[in-house]
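One structure is given below, encoded as structure tokens.
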Amino acid sequence: MLLSSRRQRLWITSLNLAASLLLLFTLALAASAQAPASIPTDFGLRDTAQKAGLPVSDSISPVAVASTIINTLLSLVGVIALIVIIYAGFTWLTSAGNEEKVTKAKKLLASAVIGVAIILGAYAITSFVVKTLGDAAKSGPASQSGTSACLQAGWQCKPACGANETQTALNCPTNSEVCCVLTQ
């Protein structure tokens with residue numbers, strides 16, 4: 001009877017934790033949906049970046065999108081692995097000398113550690129591939145034909161900036177030109 005009572009308490013605690021997390025995420029989504037319309041969707045970051053002379057572009061690289069998705073998924077899987085490690089440790093600590101539970105906890109812990117190693121390997125491979133693709137995109141045929149970071153950002157390369165333009169730190173295809181952005 002004591003064992004079933006312990007399992008029942010663990011089950012109730014797990015349900016309470018799951019319900020609390022669901023409520024937390026639901027409230028966070030509801031709060032973000034109620035943001036006033038007067039706040040720009042980028043929270044003024046575009047204006048700040050332009051004033052600082054940083055590149056601003058409306059187009060998002062497919063490599064960056066894929067990288068973000070993969071890194072997010074790897075982060076979630078890493079959190080799950082951490083939860084499994086904590087659960088294995090909890091099982092081991094509460095085994096009370098029961099060899100069956102200790103063996104189960106050791107197997108679970110070993111599997112979780114192997115999972116973490118796989119996750120770290122996947123992250124390393126993803127980082128390498130994304131960096132390689134990013135470097136290839138920067139030095140590929142498009143950049144050899146005159147496209148630069150300045151032009152990719154939607155700005156103009158000129159011999160000198162005009163009265164209503166500001167020079168940025170971005171490079172142009174030729175050294176005799178500077179990258180100019182319109183100021184407001």
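Each chain in the structure tokens gets a letter, A, B, ..., in the order shown, and its residues are numbered from 1; ligands are numbered from 1 in order too.
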Original post:
Skipping near chain neighbours, those fewer than 4 positions away, what residues fall within 9 Å of stretch 60-70 of chain A using only C-alpha atoms, listed as a list in words?
Top reply: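 So, after excluding close chain neighbours, the residues are Leu74, Ser75, Tyr123, Thr126, Ser127, Val130, Leu133 and Gly134 of chain A.
Those residues that approach A:Leu170 to within 8 Å, counting only C-alpha atoms, are A:Leu54, A:Pro55, A:Ala149, A:Cys150, A:Val178, A:Cys179; same-chain residues fewer than 5 positions away are not listed.
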**OP:** To one decimal in Å, tell me the separation between atom CA of A:Ala160 and atom CA of A:Glu177.
**Re:**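 Calculated distance between atom CA of A:Ala160 and atom CA of A:Glu177 is 6.9 Å.
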Original post:
Looking at only C-alpha atoms, which of A:Ala110, A:Val77, A:Cys161, A:Cys180 is the one that sits closest to A:Ala122?
Top reply: A:Val77
**OP:** Can you work out the spacing between atom CA of A:Gly89 and atom CA of A:Asn16 in Å, to one decimal?
**Re:**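 Atom-to-atom, atom CA of A:Gly89 to atom CA of A:Asn16, that is 20.9 Å.
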